[in-house]
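Here is the file entry.pdb (PDB, C-alpha atoms).
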```pdb
ATOM      1  CA  MET N   1      -7.709 -17.308 -10.140  1.00  0.00           C
ATOM      2  CA  ILE N   2     -10.159 -16.488 -12.894  1.00  0.00           C
ATOM      3  CA  GLU N   3      -9.913 -18.160 -16.300  1.00  0.00           C
ATOM      4  CA  LEU N   4     -11.856 -17.404 -19.469  1.00  0.00           C
ATOM      5  CA  THR N   5     -11.664 -18.678 -23.023  1.00  0.00           C
ATOM      6  CA  TYR N   6     -11.989 -16.260 -25.913  1.00  0.00           C
ATOM      7  CA  LEU N   7     -12.313 -17.218 -29.595  1.00  0.00           C
ATOM      8  CA  PHE N   8     -11.152 -14.501 -31.997  1.00  0.00           C
ATOM      9  CA  LYS N   9     -12.989 -15.017 -35.280  1.00  0.00           C
ATOM     10  CA  GLN N  10     -11.111 -13.750 -38.301  1.00  0.00           C
ATOM     11  CA  GLU N  11     -12.459 -13.341 -41.797  1.00  0.00           C
ATOM     12  CA  TYR N  12      -9.668 -14.717 -43.982  1.00  0.00           C
ATOM     13  CA  THR N  13      -7.626 -16.817 -41.575  1.00  0.00           C
ATOM     14  CA  LYS N  14      -8.195 -19.549 -39.025  1.00  0.00           C
ATOM     15  CA  ASP N  15     -10.016 -18.533 -35.833  1.00  0.00           C
ATOM     16  CA  GLN N  16      -7.675 -18.096 -32.859  1.00  0.00           C
ATOM     17  CA  SER N  17      -8.450 -19.380 -29.349  1.00  0.00           C
ATOM     18  CA  TYR N  18      -7.015 -17.549 -26.345  1.00  0.00           C
ATOM     19  CA  GLN N  19      -7.045 -18.348 -22.638  1.00  0.00           C
ATOM     20  CA  LEU N  20      -7.348 -15.346 -20.337  1.00  0.00           C
ATOM     21  CA  MET N  21      -6.108 -15.700 -16.762  1.00  0.00           C
ATOM     22  CA  GLN N  22      -6.220 -13.285 -13.836  1.00  0.00           C
ATOM     23  CA  ALA N  23      -4.707 -14.053 -10.428  1.00  0.00           C
ATOM     24  CA  SER N  24      -6.759 -11.424  -8.551  1.00  0.00           C
ATOM     25  CA  MET N  25      -9.149  -8.611  -9.476  1.00  0.00           C
ATOM     26  CA  GLU N  26      -6.362  -6.028  -9.188  1.00  0.00           C
ATOM     27  CA  ASP N  27      -4.089  -7.834 -11.641  1.00  0.00           C
ATOM     28  CA  PRO N  28      -4.028  -7.483 -15.436  1.00  0.00           C
ATOM     29  CA  TRP N  29      -4.942 -10.468 -17.634  1.00  0.00           C
ATOM     30  CA  LEU N  30      -2.394 -12.980 -18.886  1.00  0.00           C
ATOM     31  CA  VAL N  31      -3.178 -14.076 -22.460  1.00  0.00           C
ATOM     32  CA  LEU N  32      -2.155 -17.529 -23.673  1.00  0.00           C
ATOM     33  CA  SER N  33      -2.591 -19.308 -26.976  1.00  0.00           C
ATOM     34  CA  GLY N  34      -2.175 -23.002 -26.340  1.00  0.00           C
ATOM     35  CA  SER N  35       0.928 -23.170 -24.146  1.00  0.00           C
ATOM     36  CA  ASP N  36       2.412 -19.941 -25.559  1.00  0.00           C
ATOM     37  CA  VAL N  37       2.254 -16.763 -23.492  1.00  0.00           C
ATOM     38  CA  MET N  38       1.092 -14.052 -25.894  1.00  0.00           C
ATOM     39  CA  GLY N  39       1.233 -11.148 -23.457  1.00  0.00           C
ATOM     40  CA  ILE N  40      -0.707  -9.234 -20.853  1.00  0.00           C
ATOM     41  CA  ILE N  41      -3.743  -7.031 -21.404  1.00  0.00           C
ATOM     42  CA  ASP N  42      -5.283  -4.443 -19.095  1.00  0.00           C
ATOM     43  CA  GLU N  43      -7.785  -1.628 -19.175  1.00  0.00           C
ATOM     44  CA  VAL N  44      -5.902   1.681 -19.170  1.00  0.00           C
ATOM     45  CA  GLU N  45      -8.014   4.842 -18.887  1.00  0.00           C
ATOM     46  CA  GLY N  46     -11.049   3.037 -20.275  1.00  0.00           C
ATOM     47  CA  GLU N  47      -9.229   1.402 -23.205  1.00  0.00           C
ATOM     48  CA  TRP N  48      -8.109  -2.224 -23.399  1.00  0.00           C
ATOM     49  CA  LEU N  49      -4.437  -2.484 -24.396  1.00  0.00           C
ATOM     50  CA  GLN N  50      -1.748  -5.116 -24.678  1.00  0.00           C
ATOM     51  CA  ILE N  51       0.691  -3.817 -22.068  1.00  0.00           C
ATOM     52  CA  VAL N  52       3.238  -6.662 -22.343  1.00  0.00           C
ATOM     53  CA  GLY N  53       4.207  -8.583 -25.465  1.00  0.00           C
ATOM     54  CA  GLU N  54       3.070  -8.032 -29.015  1.00  0.00           C
ATOM     55  CA  GLY N  55       1.219  -9.852 -31.712  1.00  0.00           C
ATOM     56  CA  ILE N  56      -2.327  -9.937 -30.374  1.00  0.00           C
ATOM     57  CA  PRO N  57      -4.489  -8.007 -32.850  1.00  0.00           C
ATOM     58  CA  GLN N  58      -5.926  -4.843 -31.258  1.00  0.00           C
ATOM     59  CA  ALA N  59      -9.416  -5.915 -32.333  1.00  0.00           C
ATOM     60  CA  ALA N  60      -8.955  -9.138 -30.344  1.00  0.00           C
ATOM     61  CA  VAL N  61      -7.694  -7.201 -27.295  1.00  0.00           C
ATOM     62  CA  GLU N  62     -10.764  -4.940 -27.418  1.00  0.00           C
ATOM     63  CA  GLU N  63     -13.124  -7.916 -27.789  1.00  0.00           C
ATOM     64  CA  MET N  64     -11.375  -9.699 -24.884  1.00  0.00           C
ATOM     65  CA  GLY N  65     -11.981  -6.584 -22.809  1.00  0.00           C
ATOM     66  CA  GLU N  66     -15.662  -6.599 -23.731  1.00  0.00           C
ATOM     67  CA  LEU N  67     -15.910 -10.278 -22.782  1.00  0.00           C
ATOM     68  CA  ILE N  68     -14.309  -9.533 -19.405  1.00  0.00           C
ATOM     69  CA  LYS N  69     -16.609  -6.570 -18.726  1.00  0.00           C
ATOM     70  CA  LYS N  70     -19.703  -8.709 -19.408  1.00  0.00           C
ATOM     71  CA  GLN N  71     -18.715 -11.307 -16.829  1.00  0.00           C
ATOM     72  CA  GLN N  72     -20.643 -11.317 -13.570  1.00  0.00           C
ATOM     73  CA  PHE N  73     -17.485 -10.919 -11.454  1.00  0.00           C
ATOM     74  CA  SER N  74     -16.848  -7.568 -13.171  1.00  0.00           C
ATOM     75  CA  TRP N  75     -20.135  -5.953 -12.144  1.00  0.00           C
ATOM     76  CA  LEU N  76     -21.678  -7.956  -9.285  1.00  0.00           C
ATOM     77  CA  PRO N  77     -19.414  -6.643  -6.467  1.00  0.00           C
ATOM     78  CA  ARG N  78     -20.385  -3.022  -7.243  1.00  0.00           C
ATOM     79  CA  LEU N  79     -24.042  -3.994  -7.434  1.00  0.00           C
ATOM     80  CA  ILE N  80     -23.914  -5.737  -4.037  1.00  0.00           C
ATOM     81  CA  SER N  81     -22.232  -2.707  -2.449  1.00  0.00           C
ATOM     82  CA  LYS N  82     -24.774  -0.380  -4.025  1.00  0.00           C
ATOM     83  CA  GLN N  83     -27.754  -2.523  -2.993  1.00  0.00           C
ATOM     84  CA  TRP N  84     -26.732  -2.784   0.686  1.00  0.00           C
ATOM     85  CA  PRO N  85     -24.497   0.244   1.465  1.00  0.00           C
ATOM     86  CA  ASP N  86     -25.439   0.240   5.170  1.00  0.00           C
ATOM     87  CA  TYR N  87     -24.117  -3.307   5.561  1.00  0.00           C
ATOM     88  CA  VAL N  88     -21.432  -3.923   2.939  1.00  0.00           C
ATOM     89  CA  MET N  89     -17.962  -2.464   3.331  1.00  0.00           C
ATOM     90  CA  GLU N  90     -16.231  -4.472   0.583  1.00  0.00           C
ATOM     91  CA  VAL N  91     -16.823  -7.351  -1.827  1.00  0.00           C
ATOM     92  CA  ILE N  92     -13.780  -9.407  -2.820  1.00  0.00           C
ATOM     93  CA  VAL N  93     -13.870 -11.738  -5.811  1.00  0.00           C
ATOM     94  CA  LYS N  94     -12.006 -14.927  -4.942  1.00  0.00           C
ATOM     95  CA  SER N  95     -12.934 -16.719  -8.177  1.00  0.00           C
ATOM     96  CA  LYS N  96     -15.739 -16.694 -10.758  1.00  0.00           C
ATOM     97  CA  ASN N  97     -18.028 -18.508  -8.332  1.00  0.00           C
ATOM     98  CA  ARG N  98     -16.688 -17.444  -4.931  1.00  0.00           C
ATOM     99  CA  TYR N  99     -17.049 -14.026  -3.325  1.00  0.00           C
ATOM    100  CA  GLU N 100     -16.259 -12.632   0.116  1.00  0.00           C
ATOM    101  CA  VAL N 101     -18.625  -9.979   1.456  1.00  0.00           C
ATOM    102  CA  ILE N 102     -17.183  -7.968   4.346  1.00  0.00           C
ATOM    103  CA  CYS N 103     -19.708  -6.037   6.405  1.00  0.00           C
ATOM    104  CA  HIS N 104     -19.106  -2.804   8.310  1.00  0.00           C
ATOM    105  CA  ALA N 105     -18.060  -3.297  11.939  1.00  0.00           C
ATOM    106  CA  GLU N 106     -21.330  -1.846  13.240  1.00  0.00           C
ATOM    107  CA  ALA N 107     -23.570  -3.846  10.864  1.00  0.00           C
ATOM    108  CA  CYS N 108     -25.580  -6.764  12.231  1.00  0.00           C
ATOM    109  CA  ILE N 109     -24.618  -9.635   9.937  1.00  0.00           C
ATOM    110  CA  LYS N 110     -27.524 -11.775  11.173  1.00  0.00           C
ATOM    111  CA  LEU N 111     -30.007  -9.139  10.011  1.00  0.00           C
ATOM    112  CA  PHE N 112     -28.041  -8.738   6.796  1.00  0.00           C
ATOM    113  CA  ARG N 113     -28.385 -12.479   6.142  1.00  0.00           C
ATOM    114  CA  GLN N 114     -32.181 -12.129   6.173  1.00  0.00           C
ATOM    115  CA  ARG N 115     -31.960  -9.428   3.499  1.00  0.00           C
ATOM    116  CA  PHE N 116     -28.990 -10.690   1.499  1.00  0.00           C
ATOM    117  CA  THR N 117     -30.078 -14.308   1.001  1.00  0.00           C
ATOM    118  CA  PRO N 118     -33.259 -13.610  -0.996  1.00  0.00           C
ATOM    119  CA  GLY N 119     -31.809 -10.468  -2.571  1.00  0.00           C
ATOM    120  CA  ILE N 120     -28.693 -12.073  -4.022  1.00  0.00           C
ATOM    121  CA  HIS N 121     -30.784 -14.671  -5.808  1.00  0.00           C
ATOM    122  CA  ALA N 122     -32.474 -11.836  -7.678  1.00  0.00           C
ATOM    123  CA  LEU N 123     -29.251  -9.919  -8.448  1.00  0.00           C
ATOM    124  CA  ALA N 124     -26.909 -12.715  -9.511  1.00  0.00           C
ATOM    125  CA  LYS N 125     -27.161 -14.580 -12.798  1.00  0.00           C
ATOM    126  CA  ARG N 126     -29.208 -17.736 -12.619  1.00  0.00           C
ATOM    127  CA  GLU N 127     -26.994 -20.118 -14.592  1.00  0.00           C
ATOM    128  CA  GLU N 128     -24.338 -20.977 -12.035  1.00  0.00           C
ATOM    129  CA  GLU N 129     -23.799 -21.689  -8.362  1.00  0.00           C
ATOM    130  CA  ILE N 130     -22.079 -18.903  -6.429  1.00  0.00           C
ATOM    131  CA  VAL N 131     -20.849 -19.052  -2.835  1.00  0.00           C
ATOM    132  CA  PHE N 132     -20.742 -15.853  -0.790  1.00  0.00           C
ATOM    133  CA  LYS N 133     -18.774 -15.873   2.456  1.00  0.00           C
ATOM    134  CA  VAL N 134     -20.207 -13.077   4.595  1.00  0.00           C
ATOM    135  CA  SER N 135     -18.201 -11.804   7.551  1.00  0.00           C
ATOM    136  CA  SER N 136     -18.032  -8.828   9.858  1.00  0.00           C
ATOM    137  CA  PHE N 137     -15.047  -6.497   9.679  1.00  0.00           C
ATOM    138  CA  ASN N 138     -14.164  -6.681  13.358  1.00  0.00           C
ATOM    139  CA  THR N 139     -15.197 -10.183  14.404  1.00  0.00           C
ATOM    140  CA  SER N 140     -14.496 -13.739  13.404  1.00  0.00           C
ATOM    141  CA  SER N 141     -18.172 -14.561  12.895  1.00  0.00           C
ATOM    142  CA  SER N 142     -19.109 -15.502   9.357  1.00  0.00           C
ATOM    143  CA  TYR N 143     -21.481 -17.610   7.324  1.00  0.00           C
ATOM    144  CA  GLU N 144     -21.889 -18.716   3.732  1.00  0.00           C
ATOM    145  CA  VAL N 145     -24.781 -18.116   1.395  1.00  0.00           C
ATOM    146  CA  THR N 146     -24.952 -20.349  -1.667  1.00  0.00           C
ATOM    147  CA  LYS N 147     -26.940 -19.150  -4.639  1.00  0.00           C
ATOM    148  CA  GLN N 148     -27.952 -22.317  -6.426  1.00  0.00           C
ATOM    149  CA  PRO N 149     -28.338 -22.310 -10.203  1.00  0.00           C
ATOM    150  CA  ALA N 150     -31.973 -22.049 -11.189  1.00  0.00           C
ATOM    151  CA  ILE N 151     -33.543 -24.230 -13.801  1.00  0.00           C
ATOM    152  CA  ASP N 152     -34.905 -22.095 -16.591  1.00  0.00           C
ATOM    153  CA  ARG N 153     -38.650 -22.451 -16.380  1.00  0.00           C
ATOM    154  CA  TYR N 154     -39.061 -21.631 -20.079  1.00  0.00           C
ATOM    155  CA  VAL N 155     -37.063 -24.586 -21.392  1.00  0.00           C
TER     156      VAL N 155
END
```
Show me this structure written as structure tokens.
Amino acid sequence: MIELTYLFKQEYTKDQSYQLMQASMEDPWLVLSGSDVMGIIDEVEGEWLQIVGEGIPQAAVEEMGELIKKQQFSWLPRLISKQWPDYVMEVIVKSKNRYEVICHAEACIKLFRQRFTPGIHALAKREEEIVFKVSSFNTSSSYEVTKQPAIDRYV
């Protein structure tokens, strides 16, 4: 489950806070305001739309979509697959800070660990801890790599 908070700032009325919730990466986003379900939003052919319910301003839906697209879980799986195509078969987002990396059956996951561990620290954002469970497609062997948050050296 992934949860985000979005604050829709309006010029002449009170700002509106929304909670965005997604059960899995394939699901659309449930939008709540307080305890009220406002609807469901999803990206349809490159455009963010309210697909269930009504009453969320379209500008807010579009800004929610932009917030979602900026999140690490939206782009990091593709980047991991692109960086290590000979090893990575699929990356599954379990939550904002938990990913499962499934390697090809013929890939040596021990060798991948030597490349992935330093590489993921460079690819992933520095502000938060992320746990990557790495496993092979055809075996039960697996291990975890934890990317610790880095302290900003410029602060």
Exercise. CA of Phe112 (chain N) to CA of Ala124 (chain N): how many Å, to one decimal?
Worked result: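 These two atoms are separated by 16.8 Å.
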For this session: Find the residues around region 54-60 of chain N up to 10 Å (all atoms listed in the file counted), leave out those fewer than 6 positions away in its own chain, and share them as an MDAnalysis selection string.
Result: chainID N and resid 6:10 16 18 31 33 38:41 48 66
Problem set entry | Hits from the PyMOL selection byres ((chain N and resi 101) around 7), listed as a VMD selection string | chain N and resid 88 90 to 92 99 to 100 102 to 103 132 to 135
Writer output for current selection, C-alpha atoms, as a PDB file, in the coordinates of the input:
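Writing the result to part25.pdb gives the following:
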```pdb
ATOM      1  CA  VAL N  88     -21.432  -3.923   2.939  1.00  0.00           C
ATOM      2  CA  GLU N  90     -16.231  -4.472   0.583  1.00  0.00           C
ATOM      3  CA  VAL N  91     -16.823  -7.351  -1.827  1.00  0.00           C
ATOM      4  CA  ILE N  92     -13.780  -9.407  -2.820  1.00  0.00           C
ATOM      5  CA  TYR N  99     -17.049 -14.026  -3.325  1.00  0.00           C
ATOM      6  CA  GLU N 100     -16.259 -12.632   0.116  1.00  0.00           C
ATOM      7  CA  ILE N 102     -17.183  -7.968   4.346  1.00  0.00           C
ATOM      8  CA  CYS N 103     -19.708  -6.037   6.405  1.00  0.00           C
ATOM      9  CA  PHE N 132     -20.742 -15.853  -0.790  1.00  0.00           C
ATOM     10  CA  LYS N 133     -18.774 -15.873   2.456  1.00  0.00           C
ATOM     11  CA  VAL N 134     -20.207 -13.077   4.595  1.00  0.00           C
ATOM     12  CA  SER N 135     -18.201 -11.804   7.551  1.00  0.00           C
TER      13      SER N 135
END
```
Problem set entry | Selection result of the PyMOL selection byres ((chain N and resi 24) around 10) on this file, as a PyMOL selection string | chain N and resi 1-2+21-23+25-29+92-95
Exercise. So how many Å separate CA of Glu127 (chain N) and CA of Leu30 (chain N), to one decimal?
Worked result: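 Between CA of Glu127 (chain N) and CA of Leu30 (chain N) the gap is 26.0 Å.
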On this structure, the PyMOL selection byres ((chain N and resi 131) around 6) would catch which residues? List them as an mmCIF file with C-alpha atoms, keeping the file's coordinate frame, sorted by chain and number.
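The result, written out as expr-v2.cif:
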```cif
data_model
loop_
_atom_site.group_PDB
_atom_site.id
_atom_site.type_symbol
_atom_site.label_atom_id
_atom_site.label_comp_id
_atom_site.auth_asym_id
_atom_site.auth_seq_id
_atom_site.Cartn_x
_atom_site.Cartn_y
_atom_site.Cartn_z
ATOM 1 C CA ARG N 98 -16.688 -17.444 -4.931
ATOM 2 C CA ILE N 130 -22.079 -18.903 -6.429
ATOM 3 C CA PHE N 132 -20.742 -15.853 -0.790
ATOM 4 C CA VAL N 145 -24.781 -18.116 1.395
ATOM 5 C CA THR N 146 -24.952 -20.349 -1.667
#
```
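CA of Ser141 (chain N) is found 12.7 Å from CA of His104 (chain N).
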Exercise. Could you name the residues that touch Glu129 (chain N) at 7 Å or less, counting only C-alpha atoms, but leaving out those on the same chain fewer than 3 positions away, as a list in words?
Worked result: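 Non-adjacent residues within range: Asn97, Thr146, Lys147, Gln148 and Pro149 of chain N.
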Exercise. So which residues fall inside 9 Å of (-16.1, -12.9, -16.9) if we count all atoms listed in the file? Mind giving them as a PyMOL selection string?
Worked result: chain N and resi 2-4+67-74+96
Once you have the residues from the selection above, write them out as a tab-separated table (two decimals), in the frame of the given file, restricted to C-alpha atoms.
```tsv
chain	number	residue	atom	x	y	z
N	2	ILE	CA	-10.16	-16.49	-12.89
N	3	GLU	CA	-9.91	-18.16	-16.30
N	4	LEU	CA	-11.86	-17.40	-19.47
N	67	LEU	CA	-15.91	-10.28	-22.78
N	68	ILE	CA	-14.31	-9.53	-19.40
N	69	LYS	CA	-16.61	-6.57	-18.73
N	70	LYS	CA	-19.70	-8.71	-19.41
N	71	GLN	CA	-18.72	-11.31	-16.83
N	72	GLN	CA	-20.64	-11.32	-13.57
N	73	PHE	CA	-17.48	-10.92	-11.45
N	74	SER	CA	-16.85	-7.57	-13.17
N	96	LYS	CA	-15.74	-16.69	-10.76
```
Exercise. Near region 106-109 of chain N, counting all atoms listed in the file, which residues have an atom at most 12 Å away, once you skip same-chain residues fewer than 5 positions from it, shown as a list in words?
Worked result: Trp84, Pro85, Asp86, Tyr87, Val88, Met89, Val101, Gln114, Arg115, Phe116, Thr117, Lys133, Val134, Ser135, Ser136, Phe137, Asn138, Thr139, Ser140, Ser141, Ser142, Tyr143 and Glu144 of chain N
Problem set entry | Pick from N:Ala122, N:Val52, N:Met64, N:Leu76, whichever lies nearest to Ser17 (chain N) using all atoms listed in the file |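 Result for the nearest residue to Ser17 (chain N): N:Met64.
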Export region 62-137 of chain N from the structure block above, keeping C-alpha atoms, as a short mmCIF file (atom, residue, chain, number, x, y, z; two decimals), in the first residue's frame.
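Writing the result to decode_22.cif gives the following:
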```cif
data_model
loop_
_atom_site.label_atom_id
_atom_site.label_comp_id
_atom_site.auth_asym_id
_atom_site.auth_seq_id
_atom_site.Cartn_x
_atom_site.Cartn_y
_atom_site.Cartn_z
CA GLU N 62 -3.63 16.89 -12.75
CA GLU N 63 -1.43 18.14 -9.90
CA MET N 64 -1.99 14.86 -7.99
CA GLY N 65 -0.83 13.03 -11.10
CA GLU N 66 2.30 15.17 -11.28
CA LEU N 67 3.02 14.48 -7.60
CA ILE N 68 2.65 10.73 -8.22
CA LYS N 69 4.92 10.80 -11.28
CA LYS N 70 7.68 12.58 -9.30
CA GLN N 71 7.75 9.90 -6.63
CA GLN N 72 10.69 7.51 -6.66
CA PHE N 73 8.44 4.42 -6.88
CA SER N 74 7.11 5.71 -10.22
CA TRP N 75 10.49 5.83 -11.98
CA LEU N 76 13.00 3.74 -10.01
CA PRO N 77 11.81 0.28 -11.17
CA ARG N 78 12.30 1.23 -14.84
CA LEU N 79 15.70 2.70 -14.06
CA ILE N 80 16.83 -0.47 -12.26
CA SER N 81 15.68 -2.64 -15.18
CA LYS N 82 17.42 -0.35 -17.65
CA GLN N 83 20.66 -0.22 -15.64
CA TRP N 84 20.99 -4.02 -15.28
CA PRO N 85 19.04 -5.61 -18.18
CA ASP N 86 21.21 -8.76 -18.17
CA TYR N 87 20.25 -9.48 -14.56
CA VAL N 88 16.85 -7.93 -13.85
CA MET N 89 13.67 -9.54 -15.13
CA GLU N 90 11.18 -7.50 -13.08
CA VAL N 91 11.02 -4.95 -10.27
CA ILE N 92 7.90 -5.01 -8.08
CA VAL N 93 7.05 -2.10 -5.80
CA LYS N 94 5.73 -3.46 -2.51
CA SER N 95 5.55 -0.05 -0.81
CA LYS N 96 7.29 3.34 -1.01
CA ASN N 97 10.35 1.91 0.72
CA ARG N 98 10.23 -1.78 -0.23
CA TYR N 99 10.98 -3.26 -3.64
CA GLU N 100 11.38 -6.81 -4.94
CA VAL N 101 13.95 -7.32 -7.69
CA ILE N 102 13.52 -10.59 -9.58
CA CYS N 103 16.52 -11.71 -11.61
CA HIS N 104 16.48 -13.80 -14.78
CA ALA N 105 16.78 -17.55 -14.18
CA GLU N 106 20.24 -17.69 -15.77
CA ALA N 107 21.60 -14.62 -13.92
CA CYS N 108 24.07 -15.12 -11.08
CA ILE N 109 22.49 -13.22 -8.20
CA LYS N 110 25.73 -13.31 -6.19
CA LEU N 111 27.55 -11.44 -8.96
CA PHE N 112 24.57 -9.12 -9.31
CA ARG N 113 24.82 -8.27 -5.60
CA GLN N 114 28.38 -7.00 -6.13
CA ARG N 115 27.13 -4.65 -8.86
CA PHE N 116 23.71 -3.76 -7.48
CA THR N 117 24.70 -2.81 -3.93
CA PRO N 118 26.96 0.14 -4.81
CA GLY N 119 24.93 1.02 -7.90
CA ILE N 120 21.57 1.36 -6.16
CA HIS N 121 23.02 3.83 -3.70
CA ALA N 122 23.84 6.08 -6.64
CA LEU N 123 20.47 5.64 -8.41
CA ALA N 124 18.02 5.91 -5.51
CA LYS N 125 17.19 9.13 -3.71
CA ARG N 126 19.30 9.77 -0.66
CA GLU N 127 16.64 10.93 1.80
CA GLU N 128 15.08 7.64 2.83
CA GLU N 129 15.87 4.03 3.62
CA ILE N 130 14.82 1.53 0.94
CA VAL N 131 14.92 -2.26 1.21
CA PHE N 132 15.40 -4.31 -1.96
CA LYS N 133 14.68 -8.03 -1.79
CA VAL N 134 16.65 -9.63 -4.62
CA SER N 135 15.74 -13.13 -5.76
CA SER N 136 16.26 -15.44 -8.69
CA PHE N 137 13.31 -16.38 -10.87
#
```
